[in-house]
Amino acid sequence: MLATHDDLSNKCQHSSNQEPDHSEQPTAPIELNLQDLVDRIRAEDPSGMEELYRIFSKGVRFYLCRQLGAQELEDKVHDTFVIVVQAIRRGDLREPERLMGFIRTIVRRQVAAHIDVAIQSRREHMGLDGTPSLVDASCDPEENFIVQQKAELMEKILGGMPKRDREILTRFYLDEQPQDQICREMRLSETQFRLLKSRAKSRFGELGKKKLLRKPIQSVFMRKSASA
Amino acid sequence: MNYLDHLHEDTLEAYVMGKLPENDINSLEDHLLLCEHCQARTREVELDWKARRIALQRVREREGSRLSVFHAVWEGMFGSPAKKTGWAMACATAAVAMFLLVPSAQENSFSYRNVDLSSMRGGKDLSAPVQPDERLRLHLDLAELDQLSVYRVVIVNASGDLVWEAEQTNPGDNKLVVAVPKRLVSGTYWVRLLDRSASRRLLREYPLQLQ
Ligand SMILES: [Zn+2]
């Protein structure tokens, strides 16, 4: 299987044409020749390992960080790649075009194993002195601050929204009711529901941009002042 | 969904909300393994979703407290409606009851099961599975804790993912009663009590095991 840079440039587009993405079109990330890559790893060619790491390390790090937090993240990424390479060399990956699914499965197993260990150690710890030890699943130390800041802005926007619109959003995001139940009970068509959601999101986005734009300017100024 | 396609906003939202079917998760995660652009978008969608839930919860609590104040003012002026007789009072009571009950009937088409979480040692194991029309009302023991006017209550699953959170006023009797409108399926959960200030300091954690 061969997926080229050009293929990716052409194909890396939205899977749905219902709603355009607001973000700019990204550059295609990689050129993939999975058969060649897997062959080189099997042959213990260092370039194969390097390429595997270059292509997948950010994705693996993203997944592990999202599931397990930032603690000892680099070690976990490294361990995952060791397992992937060993498994490929053992011949566990029969079809190179399934490399993505193969890596995904290994990463998931790693996550499950880490969670088991964390739960076990937490239980043991609690059994001893009643003090809980926690796995902090947050990747970004500023995440809480950002979320709280966004929440404040959203709260203001929600306050100015018709009560019925607010109820629809509450049912969907807070009570996690299924969309069809909300549509049925609130007498909405699927289109009306989608429209309301996207209108609310764009209002959150607009106000958020206006308010949050000031921050980088301030921090640039601070850095310049400090270096002067 | 092809792993070469960038991910649609709604799909990402369903993913972070845990509502995406397993097959779609596989191809979505295959794409995320390769695409930094969609990794960044996933982070953004997740932060927005968390913020939206906090904002909606705060609005709900504010509206809830407005209803309570109205109720208290009514009782202060006229006494308990149940003790009064007479046609005028009956009509007025009915009107208030309509006002107070209609929104809650819309929101609460389920019954609450009381769960006492008084110990940090060992998991609280519910004796019977939680039914689809049942929600939990948690009674958290606040003894020997910093007494704050308001606590943040956070429920996470075994892997530490946020399941539900809300702020709850301390009634001052060493018990915090928290109604969780979200249905919790079987599994292991941790109910965390946090300082609601920016530090979000963890005050106590209660294990909860649901069949
Ligand atoms: Zn993408």
# chains A, B, ... in the order shown; residues from 1 in each chain; ligands from 1
>>> residues_around(residues="Ile168 of chain A", least_positions_apart="6", cutoff="9 Å", atoms="only C-alpha atoms", output="PyMOL selection string")
chain A and resi 182-183+186+193+196-197
>>> residues_near_ligand(ligand="ligand 1", cutoff="6 Å", atoms="only C-alpha atoms and all ligand atoms", output="ChimeraX atom specification")
/B:6-7,35,37-38
>>> closest_atom_pairs(of="chain B", to="chain A", cutoff="9 Å", atoms="only C-alpha atoms", output="CSV")
residue,atom,partner,partner_atom,distance
B:Met1,CA,A:Ser15,CA,6.5
B:Asn2,CA,A:Ser15,CA,7.6
B:Tyr3,CA,A:Cys12,CA,8.7
B:Leu4,CA,A:Cys12,CA,5.3
B:Asp5,CA,A:Cys12,CA,4.5
B:His6,CA,A:His14,CA,5.0
B:Leu7,CA,A:His14,CA,6.2
B:His8,CA,A:His14,CA,6.0
B:Glu9,CA,A:Asp21,CA,7.1
B:Met17,CA,A:Tyr173,CA,8.4
B:Asn26,CA,A:Gly101,CA,7.4
B:Ser27,CA,A:Gly101,CA,8.3
B:Glu29,CA,A:Arg104,CA,7.2
B:Asp30,CA,A:Met100,CA,5.6
B:His31,CA,A:Met100,CA,8.4
B:Leu32,CA,A:Gly59,CA,6.1
B:Leu33,CA,A:Gly59,CA,3.9
B:Leu34,CA,A:Gly59,CA,5.9
B:Cys35,CA,A:Pro29,CA,6.4
B:Glu36,CA,A:Gly59,CA,7.2
B:His37,CA,A:Pro26,CA,6.4
B:Gln39,CA,A:Phe62,CA,7.1
B:Arg41,CA,A:Ser23,CA,8.8
B:Arg43,CA,A:Arg66,CA,8.8
B:Leu47,CA,A:Val147,CA,5.9
B:Asp48,CA,A:Val147,CA,7.2
B:Trp49,CA,A:Tyr173,CA,7.6
B:Lys50,CA,A:Val147,CA,6.6
B:Ala51,CA,A:Ala151,CA,4.4
B:Arg52,CA,A:Ala151,CA,6.0
B:Arg53,CA,A:Leu174,CA,5.5
B:Ile54,CA,A:Ala151,CA,6.0
B:Ala55,CA,A:Glu155,CA,4.7
B:Leu56,CA,A:Thr170,CA,6.0
B:Gln57,CA,A:Leu174,CA,7.1
B:Arg58,CA,A:Glu155,CA,7.4
B:Val59,CA,A:Glu155,CA,6.7
B:Arg60,CA,A:Thr170,CA,8.3
B:Glu107,CA,A:Arg171,CA,8.4
B:Met120,CA,A:Gly130,CA,6.4
B:Arg121,CA,A:Gly130,CA,6.1
B:Gly122,CA,A:Gly127,CA,7.5
B:Ala158,CA,A:Ile119,CA,7.4
B:Ser159,CA,A:Ile115,CA,5.9
B:Gly160,CA,A:Ala137,CA,5.8
B:Asp161,CA,A:Ala137,CA,6.9
B:Trp164,CA,A:Leu174,CA,8.0
B:Pro181,CA,A:Asp175,CA,6.2
B:Lys182,CA,A:Asp175,CA,5.3
B:Arg183,CA,A:Asp175,CA,8.2
B:Ala198,CA,A:Phe145,CA,7.0
B:Ser199,CA,A:Asn144,CA,8.7
B:Arg200,CA,A:Asn144,CA,8.4
B:Arg204,CA,A:Pro132,CA,8.0
B:Glu205,CA,A:Pro132,CA,6.8
B:Tyr206,CA,A:Pro132,CA,8.9
>>> closest_residue(among="B:Asp141, B:Asp195, B:Glu63, B:Glu46", to="Glu13 of chain B", atoms="only C-alpha atoms")
B:Glu46
>>> closest_residue(among="B:Leu145, B:Leu12, B:Ala179, B:Leu140", to="Arg113 of chain B", atoms="only C-alpha atoms")
B:Ala179
>>> atom_distance(atom1="atom CA of Glu44 of chain A", atom2="atom CA of Cys65 of chain A")
28.5 Å
>>> atom_distance(atom1="atom CA of Thr80 of chain A", atom2="atom CA of Pro46 of chain A")
17.0 Å
>>> atom_distance(atom1="atom CA of Val180 of chain B", atom2="atom CA of Tyr112 of chain B")
8.5 Å
>>> select_by_dssp(residues="segment 23-183 of chain A", states="alpha helix (DSSP H)", output="PyMOL selection string")
chain A and resi 34-42+46-68+73-90+99-129+143-159+163-169+179-183
>>> closest_residue(among="A:Val38, A:Ala70, A:Arg108, A:Gly48", to="Glu95 of chain A", atoms="only C-alpha atoms")
A:Val38
>>> closest_residue(among="A:Gln71, A:Gln110, A:Ser121, A:Gln35", to="Glu97 of chain A", atoms="only C-alpha atoms")
A:Gln35
>>> closest_residue(among="B:Thr11, B:Val178, B:Leu193, B:Gln131", to="Tyr151 of chain B", atoms="only C-alpha atoms")
B:Leu193
